[in-house]
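Student: The structure is given below, and queries will be raised subsequently.
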Amino acid sequence: MSQLVILLGPPGAGKGTQARTLTEHLGIPHISSGDLFREHVAARTELGKNAQSYLDQGLLVPDDVTIGMIEDRLARPDCAQGALLDGFPRTVAQAEALDRILAERGEKILLVAKIAVEPEILVRRLSGRRTCRKAGHIFHTEHSPPKKPGVCDVDGSELIQREDDRPATVEKRIRVYNERTAPLEAYYRDHGLVVEFDGERPMAEVTEAVLREIRQRTPG
Ligand code: AP5
C-alpha cells in the first residue's frame with residue numbers, strides 16, 4: 001500500500017469533492033466512511049440499522065463498528081497500491097487502530113492532508129450541498145450547480161439534500177469534529193505527516209496542491 005493518504009477536515013471542508021478527483025489522478029480507491037455507512041443504511045443491513053441514528057443525529061458511530069468496517073474495506077485487493085481515506089480516522093482510537101492495521105502489513109501513511117476552511121463557510125457549503133441519490137456525486141447550488149436543477153450531470157439521477165445537512169445537525173457535526181476529530185491533527189503532527197491546505201481556494205487549485213505534495217512524497 002504505497003500511497004495511503006488521509007483527508008482530514010471538518011464537515012464541508014471538501015474532502016469528498018477532492019477525493020473524487022484525486023482518485024482518478026492517482027488510480028487508488030476513495031474510501032469514505034460516511035458513504036459506506038449511507039450505503040449500509042440504504043441497503044438496510046444490520047450495520048446500517050445500527051448506524052442510522054448516529055448519522056441522523058450528527059454523532060459518531062461507535063469506534064468498534066467503524067474500525068471493523070474500514071479494516072474489511074482496506075483488505076480488498078483494490079487497496080494493494082494504496083487508498084484515499086475520507087472521514088476515517090475520526091477519533092484517536094480509530095487512528096491507533098489504523099496504525100495497528102498498517103503495521104501488521106508493514107505499511108505506512110504517506111500524507112495526512114488537512115483541508116482547512118472557516119466555520120461560517122462550512123455552514124454555507126453544507127446548506128447548499130446536493131448529492132446524487134445513485135452514486136453520491138457532489139454539487140452545490142451556487143459553487144458547482146448542476147446543468148439542470150435537481151438532476152445529476154454524471155448519471156441523471158435525482159439530487160437530494162442529505163438529512164444531516166439540516167442546520168441544527170450541521171452545527172452538532174462541527175462541534176463533534178472540534179471535540180473528537182480535531183485532536184487527531186496533533187496526533188499526526190507528532191508523526192510528521194500533516195500538511196495543511198487552504199480549502200477556501202477554488203476546487204481545482206486545492207486538488208493540484210494536494211497532488212503536488214503526494215507526488216513529492218512518493219518514492220521513485
Ligand atoms: P461524512 O459523510 O464523512 O461527513 P463529513 O465528514 O461530515 O463530511 P462531509 O461529507 O459533510 O463534507 P466534505 O468535507 O466531504 O465536503 P464536500 O466535499 O461534500 O460522515 C457523515 C456521518 O457518518 C458522520 O456524522 C458520522 O455519523 C458517520 N461517520 C462517518 N465516518 C465516521 C467515523 N470515522 N467514525 C464515526 N462515525 C463516522 O463539500 C461540501 C460542499 O462544498 C459541496 O457542496 C461542494 O460542492 C462544496 N465545495 C467543496 N469544495 C469547495 C471549494 N473549494 N470551493 C467552493 N465550494 C466547495
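Residues are referred to by chain and number: the chain letter is A, B, ... according to the order shown in the C-alpha cells, the number counts from 1 in that chain, and ligands are numbered separately from 1 in the order shown.
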Which polymer residues have any atom within 6 Å of an atom of Gly128 (chain A), counting only C-alpha atoms, with same-chain residues fewer than 2 positions away left out, as a ChimeraX atom specification?
Tutor: /A:125-126,140-141
Student: Name the residues, by chain letter and number, that sit within 7 Å of ligand 1 using only C-alpha atoms and all ligand atoms, and give them as an MDAnalysis selection string.
Tutor: chainID A and resid 9:18 32:35 37 54:55 58:63 66 86:90 125:126 128:130 138:140 143:144 173 199:203 206
Student: Convert the current residue selection to file output with N, CA and C atoms, as a compact mmCIF listing (two decimals), in the first residue's frame.
Tutor:
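Dumped everything to part.txt:
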# COMPACT_ATOMS: atom_id res chain seq x y z
N GLY A 9 -10.43 16.95 7.87
CA GLY A 9 -11.01 18.30 7.83
C GLY A 9 -12.45 18.24 8.29
N PRO A 10 -12.99 19.39 8.70
CA PRO A 10 -14.36 19.42 9.23
C PRO A 10 -15.41 19.11 8.17
N PRO A 11 -16.64 18.86 8.60
CA PRO A 11 -17.73 18.62 7.65
C PRO A 11 -17.84 19.79 6.68
N GLY A 12 -17.86 19.51 5.40
CA GLY A 12 -18.00 20.57 4.41
C GLY A 12 -16.69 21.16 3.93
N ALA A 13 -15.55 20.65 4.44
CA ALA A 13 -14.24 21.20 4.03
C ALA A 13 -13.95 20.91 2.55
N GLY A 14 -14.56 19.84 2.03
CA GLY A 14 -14.32 19.48 0.63
C GLY A 14 -13.58 18.16 0.50
N LYS A 15 -13.62 17.33 1.53
CA LYS A 15 -12.89 16.04 1.49
C LYS A 15 -13.43 15.14 0.38
N GLY A 16 -14.76 15.01 0.34
CA GLY A 16 -15.38 14.15 -0.68
C GLY A 16 -15.14 14.69 -2.08
N THR A 17 -15.28 16.01 -2.22
CA THR A 17 -15.07 16.65 -3.53
C THR A 17 -13.64 16.37 -4.02
N GLN A 18 -12.67 16.59 -3.13
CA GLN A 18 -11.27 16.37 -3.52
C GLN A 18 -11.00 14.90 -3.79
N SER A 32 -14.71 6.35 1.66
CA SER A 32 -15.38 7.32 2.52
C SER A 32 -16.20 6.56 3.55
N SER A 33 -15.87 6.76 4.83
CA SER A 33 -16.64 6.04 5.87
C SER A 33 -18.09 6.50 5.85
N GLY A 34 -18.32 7.80 5.59
CA GLY A 34 -19.70 8.30 5.53
C GLY A 34 -20.48 7.63 4.40
N ASP A 35 -19.86 7.53 3.21
CA ASP A 35 -20.54 6.87 2.06
C ASP A 35 -20.82 5.41 2.39
N PHE A 37 -21.30 4.05 5.32
CA PHE A 37 -22.45 3.98 6.25
C PHE A 37 -23.76 4.24 5.51
N TYR A 54 -27.09 7.39 14.64
CA TYR A 54 -25.89 8.22 14.86
C TYR A 54 -25.77 9.24 13.72
N LEU A 55 -25.93 8.74 12.48
CA LEU A 55 -25.82 9.65 11.33
C LEU A 55 -26.88 10.75 11.41
N GLY A 58 -26.00 13.39 13.81
CA GLY A 58 -24.70 14.05 13.65
C GLY A 58 -23.68 13.59 14.65
N LEU A 59 -23.90 12.39 15.20
CA LEU A 59 -22.94 11.84 16.18
C LEU A 59 -22.04 10.81 15.51
N LEU A 60 -20.93 10.49 16.14
CA LEU A 60 -20.04 9.47 15.56
C LEU A 60 -20.58 8.08 15.85
N VAL A 61 -20.48 7.21 14.85
CA VAL A 61 -20.82 5.81 15.03
C VAL A 61 -19.73 5.21 15.94
N PRO A 62 -20.08 4.27 16.84
CA PRO A 62 -19.06 3.75 17.76
C PRO A 62 -17.81 3.21 17.04
N ASP A 63 -16.67 3.38 17.72
CA ASP A 63 -15.38 3.03 17.11
C ASP A 63 -15.31 1.57 16.64
N THR A 66 -17.03 1.08 13.33
CA THR A 66 -16.38 1.83 12.25
C THR A 66 -15.04 1.18 11.88
N ASP A 86 -11.28 9.09 3.47
CA ASP A 86 -12.06 10.32 3.62
C ASP A 86 -13.05 10.10 4.78
N GLY A 87 -12.80 10.76 5.92
CA GLY A 87 -13.71 10.61 7.06
C GLY A 87 -13.26 9.56 8.07
N PHE A 88 -12.18 8.91 7.81
CA PHE A 88 -11.59 7.92 8.73
C PHE A 88 -10.08 8.11 8.71
N PRO A 89 -9.41 8.11 9.84
CA PRO A 89 -9.93 8.02 11.20
C PRO A 89 -10.53 9.34 11.66
N ARG A 90 -11.35 9.26 12.70
CA ARG A 90 -12.05 10.43 13.20
C ARG A 90 -11.93 10.54 14.72
N ARG A 125 -21.60 26.02 2.85
CA ARG A 125 -21.36 24.92 1.89
C ARG A 125 -22.32 23.77 2.11
N LEU A 126 -22.55 23.43 3.39
CA LEU A 126 -23.38 22.25 3.66
C LEU A 126 -24.85 22.53 3.39
N GLY A 128 -25.95 24.38 1.05
CA GLY A 128 -26.18 24.40 -0.41
C GLY A 128 -25.77 23.11 -1.10
N ARG A 129 -25.25 22.15 -0.34
CA ARG A 129 -24.78 20.91 -0.98
C ARG A 129 -25.96 20.05 -1.46
N ARG A 130 -25.82 19.48 -2.62
CA ARG A 130 -26.79 18.50 -3.12
C ARG A 130 -25.99 17.29 -3.59
N ILE A 138 -21.23 15.04 -5.99
CA ILE A 138 -21.46 16.22 -5.14
C ILE A 138 -21.61 17.50 -5.96
N PHE A 139 -22.64 18.29 -5.63
CA PHE A 139 -22.87 19.59 -6.28
C PHE A 139 -23.12 20.62 -5.19
N HIS A 140 -23.16 21.89 -5.62
CA HIS A 140 -23.53 22.97 -4.70
C HIS A 140 -24.41 23.93 -5.48
N HIS A 143 -21.82 27.10 -5.86
CA HIS A 143 -20.41 26.93 -6.25
C HIS A 143 -20.21 25.94 -7.39
N SER A 144 -21.04 24.92 -7.47
CA SER A 144 -20.91 23.97 -8.59
C SER A 144 -22.30 23.42 -8.91
N ARG A 173 -22.51 18.52 14.10
CA ARG A 173 -21.38 17.81 13.46
C ARG A 173 -20.09 18.61 13.60
N GLY A 199 -8.52 25.16 2.03
CA GLY A 199 -9.72 24.61 1.38
C GLY A 199 -10.68 25.67 0.89
N GLU A 200 -10.31 26.96 1.07
CA GLU A 200 -11.18 28.03 0.57
C GLU A 200 -10.76 28.45 -0.84
N ARG A 201 -9.66 27.87 -1.34
CA ARG A 201 -9.24 28.13 -2.73
C ARG A 201 -10.19 27.38 -3.66
N PRO A 202 -10.22 27.75 -4.96
CA PRO A 202 -11.07 27.00 -5.90
C PRO A 202 -10.70 25.51 -5.89
N MET A 203 -11.73 24.68 -6.15
CA MET A 203 -11.56 23.23 -6.02
C MET A 203 -10.33 22.70 -6.77
N VAL A 206 -7.01 23.37 -5.07
CA VAL A 206 -6.77 22.51 -3.90
C VAL A 206 -6.28 21.14 -4.39
Student: With only C-alpha atoms as the basis for distance, which of A:Leu111, A:Val65, A:Val41, A:His30 is at the shortest distance from Arg215 (chain A)?
Tutor: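 Smallest distance to Arg215 (chain A) is found for A:Leu111.
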Student: DSSP on the backbone, strand (DSSP E) only: what residues of chain A does that give? Format it as a VMD selection string.
Tutor: chain A and resid 3 to 8 30 to 32 82 to 86 111 to 116 129 to 132 138 to 140 159 to 160 194 to 198
Student: Which of these residues is nearest to Ser53 (chain A), using only C-alpha atoms: A:Asp198, A:Pro29, A:Glu163, A:Asp190?
Tutor: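 Among A:Asp198, A:Pro29, A:Glu163, A:Asp190, it is A:Glu163 that comes nearest to Ser53 (chain A).
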Student: May I have the residues within 12 Å of Tyr187 (chain A) as a list in words, using only C-alpha atoms and disregarding those fewer than 2 positions away in the same chain?
Tutor: Pro89, Arg90, Thr91, Val92, Ala93, Gln94, Ala95, Glu96, Asp99, Val112, Thr181, Ala182, Pro183, Leu184, Glu185, Arg189, Asp190, His191, Gly192, Leu193 and Val194 of chain A
Student: Of the candidates A:Pro119, A:Gly48, A:Gly106, A:Gly136, which one gets nearest to Glu158 (chain A) if we count only C-alpha atoms?
Tutor: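 Nearest to Glu158 (chain A): A:Gly136.
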Student: Between A:Lys134, A:Arg166, A:Arg38, A:Arg100, which one has atoms that come closest to Val151 (chain A), using only C-alpha atoms?
Tutor: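 Counting only C-alpha atoms, the residue closest to Val151 (chain A) is A:Lys134.
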